[in-house]
file structure.tsv (TSV, C-alpha atoms)
chain	number	residue	atom	x	y	z
L	1	MET	CA	33.25	-25.55	-73.84
L	2	PRO	CA	30.95	-23.92	-71.30
L	3	ARG	CA	29.84	-20.44	-72.20
L	4	CYS	CA	31.34	-18.92	-69.07
L	5	ALA	CA	34.79	-20.28	-69.82
L	6	VAL	CA	35.87	-17.46	-72.12
L	7	PRO	CA	35.00	-14.50	-69.90
L	8	LEU	CA	36.36	-16.28	-66.84
L	9	ALA	CA	39.59	-16.99	-68.66
L	10	VAL	CA	39.83	-13.33	-69.67
L	11	VAL	CA	39.26	-12.31	-66.07
L	12	ALA	CA	41.93	-14.69	-64.85
L	13	VAL	CA	44.48	-13.50	-67.40
L	14	LEU	CA	43.81	-9.82	-66.77
L	15	ALA	CA	43.79	-10.23	-63.00
L	16	THR	CA	47.07	-12.09	-63.12
L	17	ALA	CA	48.57	-9.50	-65.42
L	18	THR	CA	47.48	-6.67	-63.14
L	19	LEU	CA	48.79	-8.35	-60.03
L	20	HIS	CA	52.09	-9.18	-61.66
L	21	ALA	CA	52.45	-5.66	-63.05
L	22	GLN	CA	52.22	-4.19	-59.59
L	23	GLU	CA	54.40	-6.76	-57.94
L	24	ARG	CA	56.96	-6.52	-60.69
L	25	ARG	CA	57.42	-2.79	-60.15
L	26	LEU	CA	58.27	-3.40	-56.53
L	27	VAL	CA	60.32	-6.51	-57.09
L	28	ASP	CA	62.32	-4.87	-59.87
L	29	ARG	CA	63.16	-1.78	-57.87
L	30	LEU	CA	63.34	-2.88	-54.23
L	31	ASP	CA	65.35	-5.47	-52.41
L	32	PRO	CA	63.32	-8.63	-51.67
L	33	VAL	CA	62.81	-7.91	-47.96
L	34	THR	CA	61.59	-4.37	-48.60
L	35	ALA	CA	59.45	-5.45	-51.54
L	36	THR	CA	57.73	-8.04	-49.39
L	37	ALA	CA	57.15	-5.60	-46.55
L	38	VAL	CA	55.75	-2.96	-48.89
L	39	GLN	CA	53.55	-5.52	-50.58
L	40	GLN	CA	52.09	-6.41	-47.19
L	41	LEU	CA	51.25	-2.76	-46.58
L	42	ILE	CA	49.66	-2.60	-50.01
L	43	ASP	CA	47.64	-5.69	-49.27
L	44	SER	CA	46.46	-4.06	-46.05
L	45	ALA	CA	45.38	-1.00	-48.00
L	46	ARG	CA	43.51	-3.15	-50.47
L	47	THR	CA	41.75	-4.97	-47.64
L	48	ALA	CA	40.74	-1.62	-46.15
L	49	GLU	CA	39.57	-0.48	-49.59
L	50	LEU	CA	42.13	2.30	-49.66
L	51	PRO	CA	43.96	3.28	-52.85
L	52	THR	CA	47.16	1.35	-53.38
L	53	GLU	CA	48.79	3.26	-56.21
L	54	PRO	CA	50.00	6.15	-53.98
L	55	LEU	CA	51.75	3.57	-51.81
L	56	VAL	CA	53.45	1.99	-54.81
L	57	GLN	CA	54.58	5.42	-55.98
L	58	LYS	CA	55.95	6.26	-52.53
L	59	ALA	CA	58.00	3.07	-52.52
L	60	LEU	CA	59.29	3.72	-56.03
L	61	GLU	CA	60.16	7.28	-55.05
L	62	GLY	CA	62.27	5.94	-52.22
L	63	ALA	CA	63.93	3.43	-54.49
L	64	THR	CA	64.83	6.07	-57.07
L	65	LEU	CA	66.19	8.40	-54.41
L	66	GLY	CA	68.35	5.65	-52.97
L	67	ALA	CA	66.60	5.37	-49.61
L	68	GLY	CA	67.16	2.35	-47.43
L	69	GLY	CA	64.55	-0.33	-46.93
L	70	ASP	CA	63.60	0.77	-43.43
L	71	ARG	CA	63.04	4.29	-44.55
L	72	ILE	CA	60.91	3.18	-47.48
L	73	ARG	CA	58.79	0.89	-45.32
L	74	THR	CA	58.29	3.69	-42.80
L	75	ALA	CA	57.31	6.22	-45.45
L	76	VAL	CA	54.83	3.82	-47.07
L	77	GLY	CA	53.39	2.90	-43.67
L	78	VAL	CA	52.97	6.56	-42.71
L	79	LEU	CA	51.23	7.28	-46.00
L	80	LEU	CA	48.94	4.30	-45.48
L	81	GLY	CA	47.90	5.74	-42.12
L	82	GLN	CA	47.32	9.17	-43.63
L	83	LEU	CA	45.18	7.75	-46.41
L	84	GLY	CA	43.10	5.95	-43.80
L	85	ARG	CA	42.63	9.15	-41.80
L	86	ALA	CA	41.74	11.05	-44.96
L	87	ARG	CA	39.12	8.47	-45.83
L	88	ASP	CA	37.70	8.68	-42.29
L	89	VAL	CA	37.36	12.43	-42.73
L	90	LEU	CA	36.24	12.64	-46.37
L	91	GLY	CA	34.11	9.52	-46.40
L	92	PRO	CA	33.99	6.35	-48.45
L	93	THR	CA	32.98	8.11	-51.65
L	94	ALA	CA	36.17	10.20	-51.82
L	95	THR	CA	38.23	9.52	-54.93
L	96	GLU	CA	41.83	8.33	-54.93
L	97	ALA	CA	42.98	11.82	-55.92
L	98	GLU	CA	40.96	13.38	-53.09
L	99	LEU	CA	42.32	10.92	-50.55
L	100	THR	CA	45.85	11.59	-51.73
L	101	ALA	CA	45.31	15.34	-51.48
L	102	GLY	CA	43.59	14.90	-48.12
L	103	ALA	CA	46.47	12.83	-46.78
L	104	GLY	CA	48.88	15.56	-47.84
L	105	ALA	CA	46.76	18.20	-46.11
L	106	LEU	CA	46.65	16.27	-42.86
L	107	ARG	CA	50.39	15.73	-43.03
L	108	ALA	CA	50.91	19.45	-43.54
L	109	GLY	CA	49.21	20.04	-40.20
L	110	LEU	CA	45.68	20.86	-41.29
L	111	THR	CA	42.98	19.46	-39.04
L	112	SER	CA	40.21	17.02	-39.79
L	113	GLU	CA	37.72	19.77	-39.00
L	114	THR	CA	39.23	21.99	-41.67
L	115	LEU	CA	38.89	19.28	-44.27
L	116	GLN	CA	35.33	18.55	-43.23
L	117	ARG	CA	34.34	22.22	-43.39
L	118	LEU	CA	35.80	22.47	-46.87
L	119	GLN	CA	33.86	19.41	-47.92
L	120	VAL	CA	30.63	20.90	-46.58
L	121	MET	CA	31.28	24.11	-48.52
L	122	ARG	CA	31.73	22.27	-51.81
L	123	PRO	CA	29.04	19.59	-51.79
L	124	GLY	CA	29.28	17.28	-54.73
L	125	GLN	CA	32.32	19.02	-56.20
L	126	PRO	CA	35.86	17.66	-56.45
L	127	LEU	CA	38.06	18.62	-53.52
L	128	VAL	CA	41.43	17.87	-55.07
L	129	VAL	CA	42.37	21.42	-56.00
L	130	PRO	CA	41.14	23.18	-52.83
L	131	LEU	CA	42.84	20.58	-50.64
L	132	SER	CA	46.03	20.78	-52.65
L	133	VAL	CA	46.08	24.59	-52.57
L	134	LEU	CA	45.43	24.54	-48.84
L	135	THR	CA	48.39	22.24	-48.34
L	136	ASP	CA	50.63	24.32	-50.61
L	137	LEU	CA	49.79	27.56	-48.81
L	138	VAL	CA	50.81	26.03	-45.50
L	139	ALA	CA	53.95	24.60	-47.10
L	140	GLU	CA	54.80	28.06	-48.38
L	141	GLY	CA	54.76	29.35	-44.84
L	142	MET	CA	51.22	30.60	-44.31
L	143	THR	CA	49.63	29.68	-41.01
L	144	ALA	CA	47.08	26.89	-41.19
L	145	ASP	CA	44.36	29.20	-39.89
L	146	LEU	CA	45.01	31.92	-42.47
L	147	ALA	CA	45.33	29.40	-45.28
L	148	ALA	CA	42.03	27.80	-44.29
L	149	ARG	CA	40.23	31.14	-44.16
L	150	SER	CA	41.56	32.11	-47.58
L	151	VAL	CA	40.44	28.86	-49.15
L	152	PHE	CA	37.11	28.88	-47.32
L	153	ASP	CA	36.33	32.31	-48.81
L	154	LEU	CA	36.65	30.90	-52.30
L	155	ALA	CA	34.83	27.67	-51.51
L	156	ARG	CA	31.96	29.44	-49.82
L	157	ASN	CA	31.38	31.55	-52.93
L	158	GLY	CA	31.43	28.56	-55.26
L	159	ARG	CA	34.55	29.69	-57.09
L	160	PRO	CA	36.05	27.37	-59.73
L	161	ASP	CA	39.30	25.44	-59.35
L	162	ALA	CA	41.18	28.02	-61.40
L	163	ASP	CA	40.55	30.64	-58.73
L	164	PHE	CA	42.11	28.45	-56.05
L	165	LEU	CA	45.18	27.93	-58.21
L	166	ALA	CA	45.36	31.66	-58.91
L	167	LEU	CA	45.25	32.36	-55.18
L	168	ARG	CA	48.11	29.98	-54.58
L	169	ARG	CA	50.17	31.53	-57.36
L	170	ARG	CA	49.62	35.05	-55.97
L	171	VAL	CA	50.64	33.96	-52.50
L	172	GLN	CA	53.62	32.07	-53.85
L	173	THR	CA	54.80	35.05	-55.86
L	174	GLU	CA	54.32	37.40	-52.93
L	175	LEU	CA	56.09	35.21	-50.41
L	176	ARG	CA	58.99	34.45	-52.69
L	177	SER	CA	59.45	38.07	-53.67
L	178	THR	CA	59.86	39.03	-50.04
L	179	ALA	CA	61.95	36.03	-49.00
L	180	PRO	CA	65.71	36.48	-48.69
L	181	ARG	CA	67.40	35.12	-51.77
L	182	GLU	CA	69.82	32.28	-51.36
L	183	ASP	CA	72.28	30.77	-53.72
L	184	GLY	CA	70.70	27.66	-55.05
L	185	PRO	CA	70.23	25.36	-57.97
L	186	PRO	CA	69.24	26.48	-61.44
L	187	GLY	CA	65.90	27.93	-62.32
L	188	ARG	CA	64.03	31.10	-61.66
L	189	SER	CA	63.88	30.68	-57.94
L	190	PRO	CA	66.25	29.24	-55.41
L	191	GLY	CA	65.92	25.76	-54.08
L	192	ARG	CA	67.59	23.63	-51.54
L	193	PRO	CA	70.76	21.85	-52.53
L	194	ALA	CA	70.28	18.49	-54.05
L	195	ALA	CA	70.18	15.66	-51.54
L	196	ASN	CA	71.11	12.24	-52.76
L	197	PRO	CA	72.60	11.31	-56.06
L	198	PRO	CA	70.26	9.16	-58.14
L	199	ALA	CA	70.04	5.59	-57.06
L	200	THR	CA	71.45	2.96	-59.29
L	201	ARG	CA	68.92	0.41	-60.31
L	202	PRO	CA	69.64	-3.23	-59.46
N	1	MET	CA	-10.51	-73.78	-80.02
N	2	HIS	CA	-13.01	-76.51	-79.80
N	3	ALA	CA	-12.88	-78.68	-82.93
N	4	ASP	CA	-15.96	-80.60	-81.94
N	5	SER	CA	-18.18	-77.48	-81.93
N	6	PRO	CA	-18.83	-76.16	-85.37
N	7	ASP	CA	-20.11	-72.84	-84.02
N	8	ALA	CA	-17.10	-72.18	-81.83
N	9	PRO	CA	-14.97	-70.22	-84.33
N	10	ASP	CA	-17.87	-67.99	-85.21
N	11	ASP	CA	-18.64	-67.26	-81.58
N	12	THR	CA	-15.08	-66.40	-80.82
N	13	LEU	CA	-14.80	-64.17	-83.82
N	14	ARG	CA	-17.99	-62.38	-82.94
N	15	ARG	CA	-16.81	-61.74	-79.40
N	16	VAL	CA	-13.56	-60.29	-80.65
N	17	ILE	CA	-15.30	-58.07	-83.17
N	18	ALA	CA	-17.76	-56.93	-80.52
N	19	GLU	CA	-14.92	-56.07	-78.19
N	20	LEU	CA	-13.14	-54.09	-80.86
N	21	ARG	CA	-16.31	-52.24	-81.76
N	22	ARG	CA	-17.01	-51.29	-78.14
N	23	PRO	CA	-16.60	-47.53	-77.76
N	24	VAL	CA	-13.65	-46.39	-75.72
N	25	HIS	CA	-14.58	-44.02	-72.89
N	26	LEU	CA	-11.96	-41.27	-72.55
N	27	ASP	CA	-11.68	-38.47	-70.00
N	28	ALA	CA	-13.57	-35.50	-71.36
N	29	ARG	CA	-10.60	-33.15	-70.66
N	30	ILE	CA	-8.11	-35.19	-72.61
N	31	ASP	CA	-8.15	-32.85	-75.58
N	32	ASP	CA	-7.32	-29.84	-73.39
N	33	ARG	CA	-4.46	-31.66	-71.73
N	34	VAL	CA	-2.98	-32.76	-75.04
N	35	LEU	CA	-3.19	-29.27	-76.49
N	36	ARG	CA	-1.55	-27.71	-73.41
N	37	ALA	CA	1.25	-30.25	-73.53
N	38	ILE	CA	1.91	-29.45	-77.19
N	39	ALA	CA	1.94	-25.73	-76.45
N	40	ARG	CA	4.46	-26.21	-73.62
N	41	GLU	CA	6.70	-28.27	-75.84
N	42	GLN	CA	6.74	-25.58	-78.52
N	43	ALA	CA	7.54	-22.87	-75.96
N	44	LEU	CA	10.62	-24.63	-74.60
N	45	PRO	CA	14.06	-23.57	-75.92
N	46	PRO	CA	15.76	-26.10	-78.08
N	47	ARG	CA	18.40	-26.77	-75.38
N	48	ARG	CA	18.12	-27.44	-71.70
N	49	VAL	CA	18.46	-24.33	-69.57
N	50	ARG	CA	21.30	-24.52	-67.06
N	51	PRO	CA	20.94	-21.58	-64.68
N	52	ALA	CA	24.36	-22.10	-63.08
N	53	ARG	CA	26.08	-21.95	-66.44
N	54	TRP	CA	24.28	-18.79	-67.51
N	55	ALA	CA	24.91	-17.11	-64.18
N	56	GLY	CA	28.58	-18.01	-64.37
N	57	GLY	CA	28.85	-16.62	-67.88
N	58	ALA	CA	27.12	-13.41	-66.93
N	59	LEU	CA	29.27	-12.99	-63.83
N	60	GLY	CA	32.44	-13.67	-65.79
N	61	GLY	CA	31.46	-11.19	-68.45
N	62	ALA	CA	30.69	-8.52	-65.89
N	63	LEU	CA	33.98	-9.10	-64.07
N	64	ALA	CA	35.92	-9.00	-67.32
N	65	ALA	CA	34.23	-5.75	-68.32
N	66	GLY	CA	34.89	-4.24	-64.90
N	67	LEU	CA	38.52	-5.24	-64.92
N	68	LEU	CA	38.99	-3.91	-68.41
N	69	LEU	CA	37.46	-0.61	-67.41
N	70	THR	CA	39.74	-0.51	-64.38
N	71	LEU	CA	42.81	-1.24	-66.45
N	72	LEU	CA	41.90	1.23	-69.12
N	73	GLY	CA	40.44	3.75	-66.72
N	74	ARG	CA	43.69	5.56	-66.08
N	75	ASP	CA	44.18	6.18	-69.76
N	76	ALA	CA	40.52	6.83	-70.37
N	77	ALA	CA	40.30	9.54	-67.69
N	78	PRO	CA	40.30	13.05	-69.09
N	79	THR	CA	43.81	14.44	-69.12
N	80	ARG	CA	45.27	17.91	-69.46
N	81	PRO	CA	48.48	18.88	-71.20
N	82	ILE	CA	51.03	20.08	-68.70
N	83	GLU	CA	54.36	21.61	-69.66
N	84	LEU	CA	57.21	21.32	-67.21
N	85	ARG	CA	60.13	23.66	-67.68
N	86	LEU	CA	63.50	24.12	-66.10
N	87	ILE	CA	66.18	26.65	-66.87
N	88	ALA	CA	69.51	25.10	-66.11
N	89	PRO	CA	72.92	24.69	-67.68
N	90	ALA	CA	72.97	20.96	-68.26
N	91	SER	CA	73.77	18.29	-70.78
N	92	HIS	CA	70.58	16.37	-70.06
N	93	VAL	CA	67.58	16.70	-67.79
N	94	MET	CA	65.02	14.09	-66.77
N	95	VAL	CA	61.93	14.29	-64.60
N	96	VAL	CA	60.77	11.65	-62.14
N	97	GLY	CA	57.48	11.63	-60.28
N	98	ASP	CA	54.21	10.00	-59.39
N	99	PHE	CA	53.28	10.05	-63.07
N	100	ASN	CA	56.14	7.90	-64.41
N	101	ASP	CA	56.87	5.41	-61.62
N	102	TRP	CA	59.86	7.55	-60.62
N	103	ASP	CA	61.80	6.08	-63.49
N	104	PRO	CA	64.87	8.23	-64.20
N	105	ALA	CA	65.00	6.98	-67.77
N	106	ALA	CA	61.35	7.46	-68.65
N	107	THR	CA	60.83	11.17	-69.27
N	108	PRO	CA	63.62	13.29	-70.72
N	109	LEU	CA	63.25	17.03	-71.18
N	110	ARG	CA	64.03	18.62	-74.54
N	111	ARG	CA	66.53	21.41	-74.84
N	112	GLY	CA	64.88	24.54	-76.20
N	113	ASN	CA	66.24	27.10	-78.60
N	114	GLU	CA	67.34	29.20	-75.69
N	115	GLY	CA	70.35	27.33	-74.44
N	116	GLY	CA	69.44	26.54	-70.87
N	117	THR	CA	65.72	25.99	-71.23
N	118	TRP	CA	64.47	22.43	-70.91
N	119	THR	CA	60.85	21.43	-71.41
N	120	VAL	CA	58.61	18.41	-71.55
N	121	GLU	CA	54.88	18.08	-72.09
N	122	LEU	CA	52.88	15.56	-70.08
N	123	ARG	CA	49.23	14.61	-70.22
N	124	LEU	CA	47.87	14.03	-66.73
N	125	PRO	CA	44.45	13.40	-65.20
N	126	PRO	CA	43.34	15.62	-62.33
N	127	GLY	CA	45.30	15.05	-59.17
N	128	ARG	CA	48.25	16.03	-57.02
N	129	TYR	CA	51.66	14.81	-58.18
N	130	ARG	CA	55.06	14.90	-56.51
N	131	TYR	CA	58.07	15.15	-58.78
N	132	THR	CA	61.58	16.49	-59.18
N	133	PHE	CA	64.10	17.03	-61.93
N	134	LEU	CA	67.32	15.07	-62.34
N	135	VAL	CA	70.02	17.22	-63.88
N	136	ASP	CA	72.95	15.53	-65.58
N	137	GLY	CA	72.14	12.31	-63.78
N	138	ARG	CA	73.46	13.54	-60.47
N	139	ARG	CA	71.53	16.53	-59.11
N	140	TRP	CA	67.94	16.58	-57.85
N	141	VAL	CA	66.41	19.96	-58.60
N	142	PRO	CA	62.85	20.99	-57.66
N	143	ASP	CA	60.67	22.85	-60.13
N	144	PRO	CA	61.05	26.55	-59.34
N	145	GLU	CA	57.69	27.32	-60.90
N	146	GLU	CA	55.61	25.03	-58.69
N	147	PRO	CA	55.18	24.76	-54.92
N	148	ARG	CA	57.60	22.71	-52.92
N	149	ALA	CA	56.34	19.57	-51.27
N	150	ALA	CA	56.15	19.87	-47.52
N	151	ASP	CA	57.17	16.25	-47.08
N	152	ASP	CA	60.57	15.31	-48.43
N	153	ASP	CA	60.48	11.77	-47.14
N	154	PHE	CA	63.75	10.75	-48.69
N	155	GLY	CA	65.78	13.93	-48.43
N	156	ALA	CA	65.54	15.20	-51.99
N	157	PRO	CA	63.70	18.44	-52.76
N	158	MET	CA	60.30	17.79	-54.27
N	159	SER	CA	57.78	19.88	-56.13
N	160	VAL	CA	54.05	19.43	-56.26
N	161	LEU	CA	51.92	19.72	-59.36
N	162	THR	CA	48.16	20.15	-59.03
N	163	VAL	CA	46.14	19.30	-62.12
N	164	SER	CA	42.52	20.46	-62.08

call {"tool": "encode", "arguments": {"input": "structure.tsv", "output": "structure tokens"}}
result
Amino acid sequence: MPRCAVPLAVVAVLATATLHAQERRLVDRLDPVTATAVQQLIDSARTAELPTEPLVQKALEGATLGAGGDRIRTAVGVLLGQLGRARDVLGPTATEAELTAGAGALRAGLTSETLQRLQVMRPGQPLVVPLSVLTDLVAEGMTADLAARSVFDLARNGRPDADFLALRRRVQTELRSTAPREDGPPGRSPGRPAANPPATRP
Amino acid sequence: MHADSPDAPDDTLRRVIAELRRPVHLDARIDDRVLRAIAREQALPPRRVRPARWAGGALGGALAAGLLLTLLGRDAAPTRPIELRLIAPASHVMVVGDFNDWDPAATPLRRGNEGGTWTVELRLPPGRYRYTFLVDGRRWVPDPEEPRAADDDFGAPMSVLTVS
């Protein structure tokens, strides 16, 4: 037996197992038409060297929440576009977690320039937490400009990730303490009423 | 052979002997060439070298190692313990999110000593995760302790967890 046969066989088995694992998650949870369409989007992401796992998770989220196929395909396609934009802004060396956080920031309405400035302020350091906090501050109701300035202050001074998270928690506490209370679901703060009942798995 | 010439056998024999005794003239560098050939022979590996086979083996090994690292990478990445908690009157609570393939059966919360407190501990690598609780199998409830996701693509309230 040639010497290369064993490692090549291992590669083939592992590659097949990986491919099937991903396809199986979609096939098991989505109808065939939607699974095929989502797989095509995932293949496009792979061709563009974008992370594929966030797309799989988005599709599975839709399946669990009982969304229709069109809605799932749209959501996955939108996320694919956002990941591409995030990579354009953050560069080819950005990690999957950074691209995911960057895509969320862009979707929240933050600009490419804001992301680039943040990157310049933290050279060589992970951007996941600052980007995530930036997005959360905007989601909590802060203006994009004010949120960016708050995060830039920390980034400029080389503050650790914990300080960004502390900032977010302070803002969250402050905003929620002043927000009008509504009757909502259980927990220590109100939330919106539940949307869909859980989807039944096929 | 000439039978009528008594000297013929002797002459023939002498010529043969003379020919055999004639010195052989060899190339003066023959010894060097022989010694170099022997040295080359000793330096060769016992089997024929097949570059294509070795390159294929090396490439296969490298690919296998890379794929293994990729497959194991998610588990090998440093993780942090994260406790999720929900206070809710319920008979059972699950959590679904980017960390468990949104599987409603994968991650149950445990009921605490205080009646309505439900908790679960996860170990997650750094990143941003969307998730929500499923209360009694019929209500989606966001985590009140974490920020809400700005994008509720599918209509259910989502929370966002940032792991540093």

call {"tool": "residues_around", "arguments": {"input": "structure.tsv", "residues": "Ala149 in chain N", "least_positions_apart": "2", "cutoff": "8 Å", "atoms": "only C-alpha atoms", "output": "list in words"}}
result
Asp136 and Ala139 of chain L; Arg130, Pro147, Asp151, Asp152, Pro157, Met158, Ser159 and Val160 of chain N

call {"tool": "residues_around", "arguments": {"input": "structure.tsv", "residues": "Pro160 in chain L", "least_positions_apart": "6", "cutoff": "10 Å", "atoms": "only C-alpha atoms", "output": "PyMOL selection string"}}
result
(chain L and resi 125+129-130+154) or (chain N and resi 164)

call {"tool": "write_last_selection", "arguments": {"input": "structure.tsv", "atoms": "C-alpha atoms", "output": "JSON list (two decimals), in the frame of the given file"}}
result
[["chain", "number", "residue", "atom", "x", "y", "z"],
["L", 125, "GLN", "CA", 32.32, 19.02, -56.20],
["L", 129, "VAL", "CA", 42.37, 21.42, -56.00],
["L", 130, "PRO", "CA", 41.14, 23.18, -52.83],
["L", 154, "LEU", "CA", 36.65, 30.90, -52.30],
["N", 164, "SER", "CA", 42.52, 20.46, -62.08]]

call {"tool": "atom_distance", "arguments": {"input": "structure.tsv", "atom1": "CA of Arg122 in chain L", "atom2": "CA of Ala94 in chain L"}}
result
12.9 Å

call {"tool": "closest_residue", "arguments": {"input": "structure.tsv", "among": "L:Leu146, L:Leu83, L:Ala67, L:Ala166", "to": "chain N", "atoms": "all atoms listed in the file"}}
result
L:Ala67

call {"tool": "atom_distance", "arguments": {"input": "structure.tsv", "atom1": "CA of Thr162 in chain N", "atom2": "CA of Thr135 in chain L"}}
result
10.9 Å

call {"tool": "atom_distance", "arguments": {"input": "structure.tsv", "atom1": "CA of Glu113 in chain L", "atom2": "CA of Leu167 in chain L"}}
result
21.8 Å

call {"tool": "residues_around", "arguments": {"input": "structure.tsv", "residues": "Leu50 in chain L", "least_positions_apart": "3", "cutoff": "7 Å", "atoms": "all atoms listed in the file", "output": "list in words"}}
result
Ala45, Arg46 and Gly84 of chain L

call {"tool": "residues_around", "arguments": {"input": "structure.tsv", "residues": "range 106-117 of chain N", "least_positions_apart": "6", "cutoff": "9 Å", "atoms": "all atoms listed in the file", "output": "number ranges by chain"}}
result
N: 84-96, 100

call {"tool": "residues_around", "arguments": {"input": "structure.tsv", "residues": "Pro104 in chain N", "least_positions_apart": "2", "cutoff": "12 Å", "atoms": "only C-alpha atoms", "output": "PyMOL selection string"}}
result
(chain L and resi 29+60-61+63-65+197-201) or (chain N and resi 92-102+106-109+131-140)

call {"tool": "closest_residue", "arguments": {"input": "structure.tsv", "among": "N:Arg128, N:Arg123, N:Arg148, N:Arg80", "to": "Ser132 in chain L", "atoms": "only C-alpha atoms"}}
result
N:Arg128

call {"tool": "axis_aligned_box", "arguments": {"input": "structure.tsv", "around": "range 46-55 of chain L", "padding_each_side": "4 Å", "output": "AutoDock Vina command-line options"}}
result
--center_x 45.7 --center_y 0.6 --center_z -51.2 --size_x 20.2 --size_y 19.1 --size_z 18.1
